[in-house]
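K.L.:
So here's final_26.txt (compact mmCIF, C-alpha atoms).
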```
# COMPACT_ATOMS: atom_id res chain seq x y z
CA MET Y 1 1.08 -27.87 -21.31
CA VAL Y 2 -1.75 -25.99 -19.74
CA LEU Y 3 0.45 -23.80 -17.64
CA ARG Y 4 2.57 -22.78 -20.55
CA ASP Y 5 -0.51 -21.93 -22.54
CA LEU Y 6 -1.75 -19.77 -19.75
CA SER Y 7 1.45 -17.88 -19.43
CA LEU Y 8 1.54 -17.16 -23.12
CA ARG Y 9 -1.95 -15.87 -23.36
CA ASN Y 10 -2.41 -14.14 -20.05
CA PRO Y 11 -1.13 -10.57 -20.23
CA LEU Y 12 -0.65 -10.61 -16.48
CA TYR Y 13 1.97 -13.34 -16.74
CA GLN Y 14 3.65 -11.61 -19.60
CA PHE Y 15 3.70 -8.46 -17.59
CA ARG Y 16 5.17 -10.28 -14.61
CA ASN Y 17 8.00 -11.54 -16.72
CA GLU Y 18 8.67 -8.03 -17.87
CA VAL Y 19 8.72 -6.81 -14.30
CA ASP Y 20 10.97 -9.64 -13.18
CA ARG Y 21 13.37 -8.82 -15.94
CA LEU Y 22 13.32 -5.17 -14.98
CA PHE Y 23 13.89 -5.90 -11.31
CA ASN Y 24 16.65 -8.35 -11.98
CA GLY Y 25 18.40 -5.43 -13.57
CA PHE Y 26 17.93 -3.37 -10.44
CA LEU Y 27 19.05 -6.15 -8.21
CA GLY Y 28 22.01 -7.09 -10.32
CA SER Y 29 24.56 -5.88 -7.81
CA VAL Y 30 22.92 -7.31 -4.71
CA PRO Y 31 23.93 -10.74 -3.50
CA GLU Y 32 21.19 -13.29 -3.89
CA GLY Y 33 19.15 -13.93 -0.77
CA PHE Y 34 19.98 -10.52 0.65
CA LEU Y 35 16.34 -10.20 1.57
CA PRO Y 36 13.88 -13.07 1.42
CA PRO Y 37 10.65 -12.02 -0.30
CA PRO Y 38 7.85 -10.91 2.01
CA LEU Y 39 5.53 -13.54 3.36
CA ARG Y 40 1.83 -13.15 2.86
CA ASN Y 41 0.67 -10.15 4.88
CA GLN Y 42 4.19 -8.96 5.58
CA PRO Y 43 4.59 -5.39 4.45
CA ALA Y 44 6.75 -4.89 1.38
CA VAL Y 45 9.84 -2.72 1.54
CA ASN Y 46 11.91 -0.65 -0.80
CA ILE Y 47 15.54 -0.21 0.14
CA TRP Y 48 18.09 2.06 -1.37
CA GLU Y 49 21.50 3.39 -0.58
CA GLN Y 50 22.73 6.93 -0.33
CA HIS Y 51 26.25 8.10 0.14
CA GLU Y 52 25.97 8.23 3.91
CA ALA Y 53 22.90 6.14 4.69
CA ILE Y 54 20.71 3.17 3.90
CA LEU Y 55 17.05 4.02 3.45
CA VAL Y 56 14.21 1.61 4.08
CA GLU Y 57 10.70 2.57 3.04
CA MET Y 58 7.48 0.74 3.82
CA GLU Y 59 3.84 1.46 3.07
CA VAL Y 60 1.86 1.08 6.28
CA PRO Y 61 -1.51 2.78 5.73
CA GLY Y 62 -3.58 3.22 8.86
CA VAL Y 63 -0.70 2.48 11.21
CA LYS Y 64 -0.11 5.02 13.99
CA LYS Y 65 3.24 5.99 15.39
CA ASP Y 66 2.70 4.17 18.65
CA GLN Y 67 1.83 0.92 16.85
CA LEU Y 68 5.29 0.76 15.34
CA ASP Y 69 8.22 -0.88 17.00
CA LEU Y 70 11.58 -0.45 15.31
CA SER Y 71 14.89 -1.75 16.48
CA VAL Y 72 18.36 -2.23 15.11
CA VAL Y 73 20.44 -5.07 16.44
CA GLY Y 74 23.78 -5.63 14.81
CA ASN Y 75 23.20 -5.71 11.10
CA GLU Y 76 19.48 -6.23 11.26
CA LEU Y 77 16.55 -3.89 11.29
CA SER Y 78 13.42 -5.24 12.95
CA ILE Y 79 10.06 -3.70 12.19
CA ARG Y 80 7.05 -4.74 14.16
CA ILE Y 81 3.55 -3.42 13.67
CA ASP Y 82 0.88 -4.00 16.27
CA GLN Y 83 -2.49 -3.07 14.92
CA PRO Y 84 -5.65 -3.74 16.82
CA GLY Y 85 -7.78 -6.41 15.21
CA PRO Y 86 -11.05 -5.64 13.47
CA GLU Y 87 -13.33 -3.49 15.56
CA GLU Y 88 -16.84 -4.67 16.41
CA GLU Y 89 -17.70 -8.29 16.09
CA GLY Y 90 -20.43 -9.17 13.69
CA THR Y 91 -19.54 -6.40 11.26
CA ILE Y 92 -20.76 -7.21 7.78
CA TYR Y 93 -17.96 -6.88 5.25
CA HIS Y 94 -18.66 -6.54 1.54
CA ARG Y 95 -14.95 -6.31 0.81
CA ARG Y 96 -12.11 -7.08 3.10
CA GLU Y 97 -8.72 -6.59 1.50
CA ARG Y 98 -6.82 -4.43 3.94
CA PRO Y 99 -4.35 -6.31 6.12
CA VAL Y 100 -5.19 -6.53 9.81
CA GLY Y 101 -3.42 -7.56 12.95
CA SER Y 102 0.25 -7.66 13.78
CA PHE Y 103 3.17 -8.40 11.60
CA SER Y 104 6.89 -8.10 11.75
CA ARG Y 105 9.80 -8.24 9.44
CA VAL Y 106 13.53 -8.51 9.97
CA ILE Y 107 15.62 -6.82 7.34
CA PRO Y 108 19.28 -7.66 7.04
CA LEU Y 109 21.20 -4.51 6.21
CA PRO Y 110 23.78 -4.48 3.46
CA CYS Y 111 26.35 -2.69 5.62
CA GLU Y 112 27.07 -1.64 9.18
CA VAL Y 113 24.97 1.24 10.45
CA ASP Y 114 25.20 3.64 13.35
CA ALA Y 115 22.29 2.38 15.46
CA ASN Y 116 22.32 5.50 17.64
CA ARG Y 117 21.49 7.81 14.79
CA VAL Y 118 18.73 5.86 13.08
CA ALA Y 119 15.74 8.07 12.33
CA ALA Y 120 12.23 7.19 11.23
CA GLU Y 121 9.42 9.26 9.76
CA LEU Y 122 5.79 8.30 9.28
CA ARG Y 123 3.84 10.38 6.81
CA ASP Y 124 0.58 9.67 5.00
CA GLY Y 125 1.00 5.98 5.67
CA VAL Y 126 4.58 5.78 4.41
CA LEU Y 127 7.32 4.87 6.86
CA THR Y 128 10.83 5.95 5.95
CA ILE Y 129 13.75 4.79 8.04
CA THR Y 130 17.12 6.44 7.60
CA LEU Y 131 20.03 4.33 8.80
CA PRO Y 132 23.29 6.29 8.73
CA LYS Y 133 26.21 4.14 7.73
CA ALA Y 134 28.83 3.36 10.33
CA GLU Y 135 32.12 5.20 9.80
CA SER Y 136 33.73 2.01 8.57
CA ALA Y 137 31.08 1.57 5.86
CA LYS Y 138 31.20 5.09 4.46
CA PRO Y 139 32.85 5.64 1.16
CA ARG Y 140 36.16 7.37 1.62
CA LYS Y 141 38.01 9.37 -0.88
CA ILE Y 142 41.61 8.31 -1.02
CA ALA Y 143 44.04 11.05 -1.78
CA VAL Y 144 46.76 10.03 -4.12
CA ALA Y 145 50.11 11.31 -2.97
CA GLY Y 146 52.79 12.46 -5.32
CA MET I 1 -21.86 -2.39 -4.88
CA SER I 2 -19.48 -4.05 -7.29
CA THR I 3 -15.87 -3.54 -8.15
CA GLU I 4 -15.23 -2.46 -11.69
CA ASN I 5 -11.50 -2.24 -11.74
CA THR I 6 -9.18 -5.18 -11.63
CA THR I 7 -5.73 -3.69 -11.35
CA LYS I 8 -3.44 -5.19 -8.77
CA ASN I 9 -2.33 -4.27 -5.34
CA PRO I 10 1.08 -2.59 -5.31
CA THR I 11 2.54 -4.76 -2.60
CA GLU I 12 2.02 -7.90 -4.64
CA THR I 13 2.08 -7.20 -8.33
CA PRO I 14 3.20 -3.71 -9.17
CA ALA I 15 1.48 -1.70 -11.82
CA ILE I 16 -1.04 -3.26 -14.09
CA GLU I 17 -2.79 -0.21 -15.31
CA HIS I 18 -0.97 2.57 -17.04
CA THR I 19 -2.26 6.09 -17.05
CA ARG I 20 -0.98 9.25 -18.57
CA ASN I 21 1.36 9.76 -15.65
CA GLY I 22 2.84 6.32 -15.41
CA LEU I 23 1.97 3.73 -12.82
CA CYS I 24 -1.43 3.28 -11.31
CA PHE I 25 -2.45 0.87 -8.58
CA ARG I 26 -5.66 -0.51 -7.19
CA PRO I 27 -6.02 0.36 -3.54
CA ASN I 28 -6.99 -2.32 -1.05
CA VAL I 29 -10.40 -1.58 0.37
CA ASP I 30 -12.65 -2.70 3.16
CA ILE I 31 -16.35 -2.11 2.77
CA ARG I 32 -18.29 -2.43 5.97
CA GLU I 33 -22.00 -2.28 6.28
CA ARG I 34 -23.50 -0.51 9.23
CA ASP I 35 -27.11 0.22 10.04
CA GLU I 36 -26.96 3.75 8.69
CA GLU I 37 -24.20 3.63 6.10
CA LEU I 38 -21.66 1.77 4.05
CA LEU I 39 -18.14 2.58 5.19
CA VAL I 40 -15.38 2.32 2.60
CA LEU I 41 -11.76 2.30 3.77
CA ALA I 42 -9.18 2.58 1.01
CA ASP I 43 -5.41 2.31 1.50
CA VAL I 44 -3.73 5.06 -0.50
CA PRO I 45 -0.35 5.45 1.23
CA GLY I 46 1.78 8.34 0.04
CA ALA I 47 -1.14 10.46 -1.12
CA ALA I 48 -1.54 13.93 0.34
CA SER I 49 -5.09 14.82 1.40
CA ASP I 50 -5.37 17.53 -1.26
CA SER I 51 -4.36 15.15 -4.03
CA ILE I 52 -7.28 12.78 -3.60
CA ASP I 53 -10.29 13.03 -5.90
CA VAL I 54 -13.49 11.30 -5.03
CA ASN I 55 -16.13 11.54 -7.73
CA PHE I 56 -19.64 10.34 -8.07
CA GLU I 57 -21.19 10.28 -11.49
CA ASP I 58 -23.85 8.13 -13.14
CA GLY I 59 -23.95 5.75 -10.22
CA MET I 60 -20.17 5.24 -10.29
CA LEU I 61 -17.97 6.20 -7.37
CA THR I 62 -14.37 6.83 -8.38
CA ILE I 63 -11.38 7.18 -6.11
CA HIS I 64 -8.28 8.69 -7.64
CA ALA I 65 -5.39 9.44 -5.29
CA LYS I 66 -2.43 11.05 -6.93
CA VAL I 67 0.87 10.02 -5.46
CA ALA I 68 3.91 12.10 -6.26
CA PRO I 69 7.02 10.06 -7.05
CA ARG I 70 9.24 9.85 -4.01
CA GLN I 71 12.32 8.95 -6.01
CA GLU I 72 13.78 9.84 -9.34
CA HIS I 73 12.55 7.85 -12.29
CA ASP I 74 15.87 6.03 -12.68
CA HIS I 75 16.42 5.57 -8.97
CA ARG I 76 18.51 2.53 -8.11
CA TYR I 77 17.02 0.35 -5.43
CA LEU I 78 18.81 -2.34 -3.48
CA VAL I 79 15.46 -3.98 -2.92
CA ARG I 80 12.28 -3.03 -4.68
CA GLU I 81 9.19 -4.89 -3.58
CA TYR I 82 6.59 -2.34 -4.56
CA GLY I 83 6.10 0.44 -7.03
CA VAL I 84 4.96 3.96 -6.30
CA GLY I 85 2.19 5.59 -8.28
CA ASP I 86 -1.40 6.79 -8.25
CA PHE I 87 -4.26 4.78 -6.80
CA TYR I 88 -7.42 4.38 -8.80
CA ARG I 89 -10.58 2.39 -8.28
CA THR I 90 -14.19 2.57 -9.34
CA PHE I 91 -17.29 1.19 -7.70
CA ARG I 92 -20.83 0.96 -8.84
CA VAL I 93 -22.97 2.36 -6.09
CA SER I 94 -26.44 0.97 -5.70
CA GLU I 95 -29.43 3.21 -5.53
CA ALA I 96 -29.76 2.30 -1.90
CA VAL I 97 -27.07 4.90 -1.17
CA ASP I 98 -27.90 8.54 -0.73
CA ALA I 99 -25.25 9.82 -3.14
CA GLY I 100 -25.79 13.44 -2.21
CA LYS I 101 -24.59 12.80 1.30
CA ILE I 102 -21.38 10.88 0.62
CA SER I 103 -18.54 12.29 2.70
CA ALA I 104 -14.84 11.57 2.98
CA GLU I 105 -12.03 11.82 5.52
CA TYR I 106 -8.34 11.09 5.22
CA ALA I 107 -5.72 10.15 7.78
CA ASP I 108 -2.47 8.16 7.81
CA GLY I 109 -2.75 7.02 4.22
CA VAL I 110 -6.29 5.71 4.61
CA LEU I 111 -9.26 7.28 2.85
CA MET I 112 -12.55 6.81 4.63
CA LEU I 113 -15.79 7.25 2.72
CA HIS I 114 -19.17 7.36 4.35
CA LEU I 115 -22.00 6.30 2.07
CA PRO I 116 -25.23 6.94 3.94
CA LYS I 117 -28.04 4.60 3.11
CA ALA I 118 -31.11 6.05 1.51
CA GLU I 119 -34.00 6.46 3.94
CA ALA I 120 -35.97 3.71 2.24
CA VAL I 121 -33.43 0.97 3.01
CA LYS I 122 -32.45 1.89 6.57
CA PRO I 123 -33.36 -0.74 9.10
CA ARG I 124 -36.49 0.30 10.87
CA LYS I 125 -37.81 -1.02 14.07
CA ILE I 126 -41.51 -1.42 13.98
CA GLU I 127 -43.20 -0.77 17.25
CA VAL I 128 -45.85 -3.22 18.17
CA SER I 129 -48.62 -1.51 19.97
CA ALA I 130 -50.65 -3.36 22.50
CA LYS I 131 -54.34 -3.35 22.10
```
Could you rewrite the structure in this file as structure tokens?
P.N.:
Amino acid sequence: MVLRDLSLRNPLYQFRNEVDRLFNGFLGSVPEGFLPPPLRNQPAVNIWEQHEAILVEMEVPGVKKDQLDLSVVGNELSIRIDQPGPEEEGTIYHRRERPVGSFSRVIPLPCEVDANRVAAELRDGVLTITLPKAESAKPRKIAVAG
Amino acid sequence: MSTENTTKNPTETPAIEHTRNGLCFRPNVDIRERDEELLVLADVPGAASDSIDVNFEDGMLTIHAKVAPRQEHDHRYLVREYGVGDFYRTFRVSEAVDAGKISAEYADGVLMLHLPKAEAVKPRKIEVSAK
């Protein structure tokens, strides 16, 4: 089969398999479908968990603070980016790879968060959102009596 | 101007090229042509302005933005859709660019390079004089 041949010879495919394998390891403990993969032009996210918070990180180069719209409703974080379209009309592009326009993404959170204390930081094109866990979702040390 | 590097964008396929320090990605770029210059915009999110090297040598323009790891090497992610590492890309710059006057700015994770056109190739309006 042509496809199979390709995948065997092409180092890119081999590499992809390696990466998939690696990531499956990372994702081992997360229920499947926790987060659907990003659509074309949707910004990618990294999410991790700390003791007291869930952290969501996104690379959004060129985006200004006031072009970001973040909201938490229930167990979902919504991120919307409104970037102005390309500047002058009739611009000649030799390369055009950077995403333009608006996009949004809804991220289901793995646990309840305290929406009132969510904080976001934008630095050098990296957006980091800290979502403190709700009291009920925090790990609690249980003292053993006796 | 032609692209020499073919590593992949971090948001789609993480890490194709390995360097001494680990992962290296190819930044997305826009190259716009204006009357006076070529404008190169390169996405290098996570790089600090003092960790970006722009070099011009033998007709090759190289962008190398070092990105410090934001997490430990063995960090456990719940979701990991992109990798974090340096950005690297090389362009061949035509002789129509005045290499001595290339300048760069950086803001919000975007590197902006101005490549002024050499005098000889700038558009010139020719006045028609009436007899």
K.L.:
Using all atoms listed in the file, find each residue of chain Y with at least one atom at most 6 Å away from an atom of chain I; report its shortest atom-to-atom pair and that distance in Å (one decimal), sort the rows by chain and rising residue number, and return the result as a tab-separated table.
P.N.:
```
residue	atom	partner	partner_atom	distance
Y:Ala44	CA	I:Glu81	CA	5.5
Y:Val45	CA	I:Glu81	CA	5.6
Y:Asn46	CA	I:Arg80	CA	4.6
Y:Ile47	CA	I:Val79	CA	4.9
Y:Trp48	CA	I:Tyr77	CA	4.5
Y:Pro61	CA	I:Gly109	CA	4.7
Y:Gly62	CA	I:Asp108	CA	5.2
Y:Ile92	CA	I:Glu33	CA	5.3
Y:Tyr93	CA	I:Arg32	CA	4.5
Y:His94	CA	I:Ile31	CA	5.1
Y:Arg95	CA	I:Ile31	CA	4.8
Y:Arg96	CA	I:Asp30	CA	4.4
Y:Glu97	CA	I:Asn28	CA	5.3
Y:Arg98	CA	I:Asn28	CA	5.4
Y:Asp124	CA	I:Gly109	CA	4.3
Y:Gly125	CA	I:Gly109	CA	4.2
Y:Val126	CA	I:Gly46	CA	5.8
```
K.L.:
Can you measure CA of Val106 in chain Y to CA of Leu77 in chain Y for me? One decimal in Å is fine.
P.N.:
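Separating CA of Val106 in chain Y from CA of Leu77 in chain Y is a distance of 5.7 Å.
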K.L.:
If we count all atoms listed in the file and set the cut-off at 10 Å, which residues sit around Glu95 in chain I, ignoring sequence neighbours fewer than 4 positions away in its own chain? Please answer as a PDB file with C-alpha atoms, keeping the file's coordinate frame.
P.N.:
```pdb
ATOM      1  CA  MET I   1     -21.860  -2.390  -4.880  1.00  0.00           C
ATOM      2  CA  GLY I  59     -23.950   5.750 -10.220  1.00  0.00           C
ATOM      3  CA  ALA I  99     -25.250   9.820  -3.140  1.00  0.00           C
ATOM      4  CA  LYS I 117     -28.040   4.600   3.110  1.00  0.00           C
ATOM      5  CA  ALA I 118     -31.110   6.050   1.510  1.00  0.00           C
ATOM      6  CA  VAL I 121     -33.430   0.970   3.010  1.00  0.00           C
TER       7      VAL I 121
END
```
K.L.:
With all atoms listed in the file as the basis for distance, which of I:Val93, I:Cys24, I:Ala120, I:Met112 is at the shortest distance from Thr62 in chain I?
P.N.:
I:Val93
K.L.:
Could you please determine the separation between CA of Phe56 in chain I and CA of Ser94 in chain I in Å, to one decimal place?
P.N.:
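Result for CA of Phe56 in chain I versus CA of Ser94 in chain I: 11.8 Å, one decimal.
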K.L.:
Go through Y:Ile79, Y:Val100, Y:Ile54, Y:Ile107 one by one, measure the shortest atom-to-atom distance of each to Thr130 in chain Y using only C-alpha atoms, and give the residue with the smallest value.
P.N.:
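Closest candidate: Y:Ile54.
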K.L.:
Interatomic distance between CA of Asn75 in chain Y and CA of Leu122 in chain Y?
P.N.:
22.4 Å
K.L.:
Can you pull out the residues contacting Val118 in chain Y? Cut-off 9 Å, using only C-alpha atoms, and skip same-chain residues under 6 positions away; I want them as a list in words.
P.N.:
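The residues that qualify are Val72, Ile129, Thr130, Leu131 and Pro132 of chain Y.
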